[in-house]
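What follows is a single structure, written as structure tokens, with notes after it.
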Amino acid sequence: MTENQNQQPLIRVENLSKTFTLHVQGDARIPVFADLSLEVATGECVALYGPSGTGKSTLLRSLYANYKPGGGHVWVRHGDDWVDMATAAPHRVLEVRRETMGYVSQFLRVIPRVSARDIVAEPLHALGRDLEAARAKAEVLLERLNIPEAMWDLAPATFSGGEQQRVNIARGFAVDYPILLLDEPTASLDAGNRAVVVELIREAKARGSALVGIFHDDEVREAVADRIFDVEAGALAA
Amino acid sequence: MNSASPLLRVNNLSHAFGNLLACSDISFELHSGEVLGVVGESGSGKTTLLNCLSARLMPTNGIVEYDLRDRGLTDIYALSEPERRFLLRTDWGVVMQNPRDGLRMGVSAGGNVGERLMAVGARHYGEIRGEAESWLSKVEMDLGRIDDAPKHFSGGMQQRLQIARNLVTKPRLIFMDEPTGGLDVSVQARLLDLLRGLVRELKLSAIIVTHDLAVARLLADRLMVMKDGKVVETGLTDQVLDDPHHPYTQLLVSSVLQV
């Protein structure tokens, strides 16, 4: 547990609600959460908690504007501005994702013909870093995550689940994002690699990043989280 | 990427073929560096919309404005015919679904690329040939085929040649109609990877019509979903595909087979 120097918020979720309406299944309505509020400060890691089906992933995806909330706001500190991810124009959301907010999804989306090294280097290169420097950083991360050098030139389509996930994690940490969202980053990793991910998360916190994550592994959660946010209670309480 | 002024602005565009309303009341803006995907089933009006946007089909109603380098936002249908043609040959590119519609099938590969350069005033043979070679290698064509006519090429090669022909004048905006349609999947993957790289490297803006959601996911920042000539849903690509709101978009997304 760290008490941070000045607890400046980087994320402010206000009265967020999300309901899915499934038109292809008789307009079934699935309410996930309503009136949910949450603040995350610089240097802080918040673990989303609750049994499966309570909306942890939905909340995480809503923060990233991958899901469109039904109401409320997701304010994100972007440079000197505050951007509401729930209502911002698409090109603004893309800018926030490029510069401010990273997201490590549960599974790697493989791109045909793109090597593991370039998949990891891509977000950094997109920020304007030259390709060689971006690749060098990618290699450092791949090495830390124990992806053998012989695999760096290969497209990860044929990698195992755990290897793909490590490539995905490397990609998420290629840019030092001020905000990082993590969806079960250690789900299919062995103890050694879990420890590397814990280290990466701690380094990001030390740089002042704000993190929100879903960690099923108790040990990992205890090692990185400063605070637990119970999605069900957080939504009910309001 | 910065300015508030868009590269392309479309207001209330409609187009009717007789009684058939192919596009109905479409408005949107495209900013520099953005890639917009237009998805929907056949007959939803995607290609008609693309033709109207790319100055090749005058809409029945509405305005299409483009940020001309020397004049700023200008109604493209208020331009003279020669001005419009010049725009299509220089600052814009159009990649057709069928390469036969976008290439001169009897002219050599090098000639197909060089022709666009000559249209913008290049006259030096050696420079034109050098530039053509450089573009053919960018699209991964065997330089040994530079003097062959595309009628002897495979579909994938023809499509890559069409892309080289369009990009050689360094356009700012390209229009693509089903760029991977009719190609087998391994050829598609190569073409998509190539397009994805070029769009990023050249900071191109693009409007891509496709019925293939995987192509849209890979190339587009933003999507417009069309049904019966109307835009029923718009948004960030991953948002539209992962959290579709409109019944038709939900049907479209849920109909895709998982591989």
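Following the order of the structure tokens, chains are lettered A, B, ..., residues in each are numbered from 1, and ligands are numbered from 1.
Using only C-alpha atoms, the chain A residues found within 6 Å of chain B amount to His23, Asn66, Tyr67 and Pro90 of chain A.
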Pull the alpha helix (DSSP H) assignments for range 3-137 of chain A out of DSSP run on the backbone, and list those residues as a compact mmCIF listing (two decimals) with N, CA, C and O atoms, in the first residue's frame.
# COMPACT_ATOMS: atom_id res chain seq x y z
N LYS A 56 -17.54 -6.36 -14.33
CA LYS A 56 -16.18 -5.84 -14.21
C LYS A 56 -15.60 -5.50 -15.59
O LYS A 56 -15.10 -4.40 -15.81
N SER A 57 -15.70 -6.45 -16.50
CA SER A 57 -15.19 -6.21 -17.85
C SER A 57 -15.98 -5.12 -18.56
O SER A 57 -15.41 -4.31 -19.29
N THR A 58 -17.28 -5.11 -18.33
CA THR A 58 -18.12 -4.08 -18.96
C THR A 58 -17.69 -2.70 -18.48
O THR A 58 -17.61 -1.76 -19.28
N LEU A 59 -17.40 -2.58 -17.19
CA LEU A 59 -16.94 -1.29 -16.67
C LEU A 59 -15.59 -0.91 -17.31
O LEU A 59 -15.40 0.22 -17.78
N LEU A 60 -14.69 -1.87 -17.36
CA LEU A 60 -13.37 -1.59 -17.92
C LEU A 60 -13.48 -1.15 -19.39
O LEU A 60 -12.86 -0.20 -19.83
N ARG A 61 -14.32 -1.87 -20.13
CA ARG A 61 -14.51 -1.53 -21.54
C ARG A 61 -15.21 -0.19 -21.71
O ARG A 61 -14.97 0.53 -22.68
N SER A 62 -16.07 0.15 -20.76
CA SER A 62 -16.75 1.45 -20.84
C SER A 62 -15.75 2.58 -20.58
O SER A 62 -15.85 3.66 -21.17
N LEU A 63 -14.78 2.33 -19.70
CA LEU A 63 -13.76 3.35 -19.45
C LEU A 63 -12.95 3.62 -20.72
O LEU A 63 -12.54 4.74 -20.99
N PRO A 90 -15.26 10.61 -31.94
CA PRO A 90 -14.37 9.48 -32.19
C PRO A 90 -12.89 9.85 -32.33
O PRO A 90 -12.03 9.18 -31.76
N HIS A 91 -12.58 10.93 -33.05
CA HIS A 91 -11.15 11.22 -33.24
C HIS A 91 -10.49 11.68 -31.95
O HIS A 91 -9.30 11.49 -31.74
N ARG A 92 -11.30 12.23 -31.04
CA ARG A 92 -10.79 12.62 -29.74
C ARG A 92 -10.54 11.37 -28.87
O ARG A 92 -9.52 11.27 -28.20
N VAL A 93 -11.44 10.44 -28.92
CA VAL A 93 -11.26 9.18 -28.19
C VAL A 93 -9.99 8.47 -28.66
O VAL A 93 -9.19 7.98 -27.85
N LEU A 94 -9.80 8.46 -29.97
CA LEU A 94 -8.60 7.79 -30.52
C LEU A 94 -7.33 8.48 -30.04
O LEU A 94 -6.33 7.83 -29.75
N GLU A 95 -7.40 9.81 -29.94
CA GLU A 95 -6.24 10.57 -29.46
C GLU A 95 -5.94 10.22 -28.00
O GLU A 95 -4.77 10.01 -27.63
N VAL A 96 -6.99 10.11 -27.19
CA VAL A 96 -6.79 9.73 -25.78
C VAL A 96 -6.20 8.33 -25.70
O VAL A 96 -5.26 8.06 -24.95
N ARG A 97 -6.70 7.41 -26.53
CA ARG A 97 -6.18 6.05 -26.52
C ARG A 97 -4.73 6.00 -26.99
O ARG A 97 -3.95 5.17 -26.54
N ARG A 98 -4.39 6.86 -27.92
CA ARG A 98 -3.02 6.85 -28.45
C ARG A 98 -2.04 7.38 -27.42
O ARG A 98 -0.96 6.84 -27.23
N GLU A 99 -2.43 8.45 -26.72
CA GLU A 99 -1.46 9.16 -25.88
C GLU A 99 -1.61 8.91 -24.39
O GLU A 99 -0.62 8.95 -23.66
N ALA A 116 5.55 -10.43 -33.93
CA ALA A 116 5.36 -10.13 -32.51
C ALA A 116 6.06 -8.81 -32.15
O ALA A 116 5.50 -7.96 -31.46
N ARG A 117 7.28 -8.63 -32.66
CA ARG A 117 8.04 -7.43 -32.35
C ARG A 117 7.29 -6.18 -32.81
O ARG A 117 7.19 -5.19 -32.07
N ASP A 118 6.74 -6.23 -34.02
CA ASP A 118 6.04 -5.06 -34.54
C ASP A 118 4.68 -4.82 -33.89
O ASP A 118 4.24 -3.68 -33.76
N ILE A 119 4.04 -5.89 -33.46
CA ILE A 119 2.78 -5.72 -32.74
C ILE A 119 3.03 -4.94 -31.46
O ILE A 119 2.27 -4.05 -31.09
N VAL A 120 4.13 -5.26 -30.79
CA VAL A 120 4.46 -4.58 -29.54
C VAL A 120 4.94 -3.15 -29.81
O VAL A 120 4.61 -2.22 -29.08
N ALA A 121 5.70 -2.97 -30.90
CA ALA A 121 6.29 -1.65 -31.20
C ALA A 121 5.25 -0.65 -31.71
O ALA A 121 5.42 0.56 -31.57
N GLU A 122 4.17 -1.19 -32.29
CA GLU A 122 3.20 -0.36 -32.99
C GLU A 122 2.66 0.85 -32.22
O GLU A 122 2.69 1.97 -32.73
N PRO A 123 2.18 0.67 -30.97
CA PRO A 123 1.62 1.84 -30.27
C PRO A 123 2.66 2.95 -30.05
O PRO A 123 2.32 4.13 -30.10
N LEU A 124 3.90 2.56 -29.83
CA LEU A 124 4.95 3.54 -29.60
C LEU A 124 5.29 4.26 -30.91
O LEU A 124 5.48 5.48 -30.95
N HIS A 125 5.35 3.49 -31.99
CA HIS A 125 5.61 4.06 -33.31
C HIS A 125 4.49 5.02 -33.71
O HIS A 125 4.73 6.08 -34.28
N ALA A 126 3.24 4.66 -33.36
CA ALA A 126 2.09 5.51 -33.70
C ALA A 126 2.15 6.85 -32.97
O ALA A 126 1.56 7.83 -33.39
N LEU A 131 10.84 3.95 -35.83
CA LEU A 131 10.58 2.52 -35.79
C LEU A 131 11.67 1.74 -35.06
O LEU A 131 11.40 0.82 -34.30
N GLU A 132 12.92 2.12 -35.27
CA GLU A 132 14.02 1.39 -34.64
C GLU A 132 13.96 1.49 -33.11
O GLU A 132 14.11 0.50 -32.41
N ALA A 133 13.71 2.70 -32.62
CA ALA A 133 13.62 2.90 -31.18
C ALA A 133 12.43 2.15 -30.61
O ALA A 133 12.50 1.55 -29.52
N ALA A 134 11.31 2.18 -31.34
CA ALA A 134 10.11 1.48 -30.87
C ALA A 134 10.37 -0.03 -30.83
O ALA A 134 9.96 -0.71 -29.89
N ARG A 135 11.08 -0.53 -31.85
CA ARG A 135 11.38 -1.97 -31.86
C ARG A 135 12.34 -2.35 -30.74
O ARG A 135 12.20 -3.42 -30.13
N ALA A 136 13.26 -1.46 -30.44
CA ALA A 136 14.22 -1.74 -29.36
C ALA A 136 13.47 -1.87 -28.03
O ALA A 136 13.73 -2.79 -27.24
N LYS A 137 12.54 -0.97 -27.80
CA LYS A 137 11.74 -1.04 -26.56
C LYS A 137 10.92 -2.33 -26.54
O LYS A 137 10.80 -2.99 -25.51
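CA of Thr60 in chain B is found 11.6 Å from CA of Leu20 in chain B.
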I'd like to know which residues of range 25-201 of chain B are strand (DSSP E) (by DSSP, run on the backbone); could you write them as a PyMOL selection string? chain B and resi 25-30+35-39+61-68+72-75+92-95+173-177
Have a look at B:Glu29, B:Ala206, B:Val256, B:Pro99 and name the one nearest to Phe153 in chain B; count only C-alpha atoms. B:Pro99
Determine, counting only C-alpha atoms, which protein, DNA and RNA residues have an atom within 12 Å of an atom of Glu115 in chain B; residues of the same chain fewer than 5 positions away are not included. Present the result as a VMD selection string. chain B and resid 89 to 90 103 to 104 107 to 110 120 to 123 125 128 to 129 131 to 132 164 to 166 168 to 169
Can those selected residues be exported to a file as a PDB file, in the first residue's frame so that it contains N, CA, C and O atoms?
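File produced: part_7.pdb:
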ATOM      1  N   ARG B  89      -7.120  12.859 -60.120  1.00  0.00           N
ATOM      2  CA  ARG B  89      -5.842  12.311 -60.566  1.00  0.00           C
ATOM      3  C   ARG B  89      -4.692  12.664 -59.639  1.00  0.00           C
ATOM      4  O   ARG B  89      -3.588  12.149 -59.794  1.00  0.00           O
ATOM      5  N   THR B  90      -4.929  13.610 -58.717  1.00  0.00           N
ATOM      6  CA  THR B  90      -3.808  14.110 -57.924  1.00  0.00           C
ATOM      7  C   THR B  90      -3.995  13.891 -56.432  1.00  0.00           C
ATOM      8  O   THR B  90      -3.339  13.059 -55.828  1.00  0.00           O
ATOM      9  N   LEU B 103      -7.587   0.050 -63.813  1.00  0.00           N
ATOM     10  CA  LEU B 103      -6.293  -0.069 -64.498  1.00  0.00           C
ATOM     11  C   LEU B 103      -6.501  -0.001 -66.003  1.00  0.00           C
ATOM     12  O   LEU B 103      -7.593  -0.225 -66.502  1.00  0.00           O
ATOM     13  N   ARG B 104      -5.408   0.307 -66.724  1.00  0.00           N
ATOM     14  CA  ARG B 104      -5.449   0.150 -68.175  1.00  0.00           C
ATOM     15  C   ARG B 104      -4.836  -1.210 -68.472  1.00  0.00           C
ATOM     16  O   ARG B 104      -3.625  -1.401 -68.347  1.00  0.00           O
ATOM     17  N   VAL B 107      -1.849  -1.694 -70.937  1.00  0.00           N
ATOM     18  CA  VAL B 107      -0.644  -0.885 -70.756  1.00  0.00           C
ATOM     19  C   VAL B 107       0.235  -1.556 -69.704  1.00  0.00           C
ATOM     20  O   VAL B 107      -0.284  -2.159 -68.757  1.00  0.00           O
ATOM     21  N   SER B 108       1.547  -1.451 -69.832  1.00  0.00           N
ATOM     22  CA  SER B 108       2.446  -2.126 -68.886  1.00  0.00           C
ATOM     23  C   SER B 108       2.213  -1.659 -67.449  1.00  0.00           C
ATOM     24  O   SER B 108       1.662  -0.587 -67.215  1.00  0.00           O
ATOM     25  N   ALA B 109       2.651  -2.472 -66.494  1.00  0.00           N
ATOM     26  CA  ALA B 109       2.516  -2.118 -65.072  1.00  0.00           C
ATOM     27  C   ALA B 109       3.190  -0.779 -64.806  1.00  0.00           C
ATOM     28  O   ALA B 109       2.613   0.108 -64.166  1.00  0.00           O
ATOM     29  N   GLY B 110       4.422  -0.626 -65.324  1.00  0.00           N
ATOM     30  CA  GLY B 110       5.148   0.628 -65.137  1.00  0.00           C
ATOM     31  C   GLY B 110       4.386   1.795 -65.749  1.00  0.00           C
ATOM     32  O   GLY B 110       4.307   2.884 -65.164  1.00  0.00           O
ATOM     33  N   VAL B 120       0.306  14.702 -63.606  1.00  0.00           N
ATOM     34  CA  VAL B 120       0.624  15.846 -62.747  1.00  0.00           C
ATOM     35  C   VAL B 120       1.891  16.557 -63.232  1.00  0.00           C
ATOM     36  O   VAL B 120       2.497  17.335 -62.493  1.00  0.00           O
ATOM     37  N   GLY B 121       2.302  16.283 -64.451  1.00  0.00           N
ATOM     38  CA  GLY B 121       3.356  17.094 -65.064  1.00  0.00           C
ATOM     39  C   GLY B 121       4.731  16.472 -65.141  1.00  0.00           C
ATOM     40  O   GLY B 121       5.655  17.087 -65.669  1.00  0.00           O
ATOM     41  N   ALA B 122       4.917  15.241 -64.622  1.00  0.00           N
ATOM     42  CA  ALA B 122       6.247  14.630 -64.719  1.00  0.00           C
ATOM     43  C   ALA B 122       6.541  14.316 -66.191  1.00  0.00           C
ATOM     44  O   ALA B 122       5.679  13.827 -66.916  1.00  0.00           O
ATOM     45  N   ARG B 123       7.739  14.605 -66.636  1.00  0.00           N
ATOM     46  CA  ARG B 123       8.086  14.378 -68.040  1.00  0.00           C
ATOM     47  C   ARG B 123       9.373  13.574 -68.203  1.00  0.00           C
ATOM     48  O   ARG B 123       9.624  13.002 -69.245  1.00  0.00           O
ATOM     49  N   TYR B 125      11.683  10.678 -68.310  1.00  0.00           N
ATOM     50  CA  TYR B 125      11.427   9.245 -68.380  1.00  0.00           C
ATOM     51  C   TYR B 125      12.094   8.472 -67.247  1.00  0.00           C
ATOM     52  O   TYR B 125      11.469   7.646 -66.583  1.00  0.00           O
ATOM     53  N   ILE B 128      10.351   9.045 -63.934  1.00  0.00           N
ATOM     54  CA  ILE B 128       9.043   8.387 -63.886  1.00  0.00           C
ATOM     55  C   ILE B 128       9.234   6.886 -63.665  1.00  0.00           C
ATOM     56  O   ILE B 128       8.584   6.268 -62.820  1.00  0.00           O
ATOM     57  N   ARG B 129      10.185   6.332 -64.399  1.00  0.00           N
ATOM     58  CA  ARG B 129      10.432   4.892 -64.285  1.00  0.00           C
ATOM     59  C   ARG B 129      10.950   4.546 -62.883  1.00  0.00           C
ATOM     60  O   ARG B 129      10.524   3.564 -62.271  1.00  0.00           O
ATOM     61  N   GLU B 131      10.405   6.183 -60.088  1.00  0.00           N
ATOM     62  CA  GLU B 131       9.296   6.318 -59.138  1.00  0.00           C
ATOM     63  C   GLU B 131       8.342   5.121 -59.259  1.00  0.00           C
ATOM     64  O   GLU B 131       7.874   4.582 -58.255  1.00  0.00           O
ATOM     65  N   ALA B 132       8.080   4.723 -60.490  1.00  0.00           N
ATOM     66  CA  ALA B 132       7.189   3.567 -60.715  1.00  0.00           C
ATOM     67  C   ALA B 132       7.795   2.323 -60.067  1.00  0.00           C
ATOM     68  O   ALA B 132       7.120   1.571 -59.372  1.00  0.00           O
ATOM     69  N   ALA B 164      -0.754   0.917 -56.149  1.00  0.00           N
ATOM     70  CA  ALA B 164       0.455   1.680 -56.495  1.00  0.00           C
ATOM     71  C   ALA B 164       0.104   2.830 -57.431  1.00  0.00           C
ATOM     72  O   ALA B 164       0.551   3.963 -57.259  1.00  0.00           O
ATOM     73  N   ARG B 165      -0.726   2.555 -58.422  1.00  0.00           N
ATOM     74  CA  ARG B 165      -1.131   3.576 -59.393  1.00  0.00           C
ATOM     75  C   ARG B 165      -1.813   4.750 -58.694  1.00  0.00           C
ATOM     76  O   ARG B 165      -1.616   5.901 -59.047  1.00  0.00           O
ATOM     77  N   ASN B 166      -2.619   4.439 -57.663  1.00  0.00           N
ATOM     78  CA  ASN B 166      -3.349   5.494 -56.977  1.00  0.00           C
ATOM     79  C   ASN B 166      -2.498   6.285 -55.997  1.00  0.00           C
ATOM     80  O   ASN B 166      -2.750   7.447 -55.745  1.00  0.00           O
ATOM     81  N   VAL B 168       0.831   6.861 -56.127  1.00  0.00           N
ATOM     82  CA  VAL B 168       2.061   7.447 -56.648  1.00  0.00           C
ATOM     83  C   VAL B 168       2.036   8.980 -56.635  1.00  0.00           C
ATOM     84  O   VAL B 168       3.069   9.621 -56.480  1.00  0.00           O
ATOM     85  N   THR B 169       0.851   9.567 -56.730  1.00  0.00           N
ATOM     86  CA  THR B 169       0.786  11.040 -56.721  1.00  0.00           C
ATOM     87  C   THR B 169       0.646  11.585 -55.296  1.00  0.00           C
ATOM     88  O   THR B 169       0.358  12.759 -55.115  1.00  0.00           O
TER      89      THR B 169
END
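Put simply, CA of Ser134 in chain B is 19.6 Å away from CA of Ile174 in chain B.
Among B:Glu133, B:Glu83, B:Asp91, B:Asp228, the residue with the shortest atom-to-atom distance to Ser42 in chain B, counting only C-alpha atoms, is B:Asp228.
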Write out as a compact mmCIF listing (two decimals) with N, CA, C and O atoms, in the first residue's frame the residues lying within 8 Å of Thr21 in chain A, counting only C-alpha atoms and excluding same-chain residues fewer than 4 positions away.
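The resulting file, result_33.txt, is shown below:
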# COMPACT_ATOMS: atom_id res chain seq x y z
N ASP A 27 -35.52 -8.27 -27.95
CA ASP A 27 -35.32 -7.01 -27.22
C ASP A 27 -35.07 -7.23 -25.73
O ASP A 27 -35.46 -6.41 -24.89
N ALA A 28 -34.42 -8.33 -25.38
CA ALA A 28 -34.10 -8.58 -23.98
C ALA A 28 -33.22 -7.45 -23.44
O ALA A 28 -32.31 -7.00 -24.13
N ARG A 29 -33.52 -7.02 -22.24
CA ARG A 29 -32.71 -5.96 -21.62
C ARG A 29 -31.88 -6.55 -20.48
O ARG A 29 -32.41 -7.25 -19.63
N ILE A 30 -30.59 -6.28 -20.53
CA ILE A 30 -29.70 -6.80 -19.49
C ILE A 30 -29.04 -5.63 -18.78
O ILE A 30 -28.05 -5.07 -19.28
N HIS B 245 -25.64 -1.04 -31.22
CA HIS B 245 -26.91 -0.61 -30.62
C HIS B 245 -28.10 -0.84 -31.53
O HIS B 245 -29.16 -1.24 -31.08
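Going from CA of Val10 in chain B to CA of Leu173 in chain B covers 14.5 Å.
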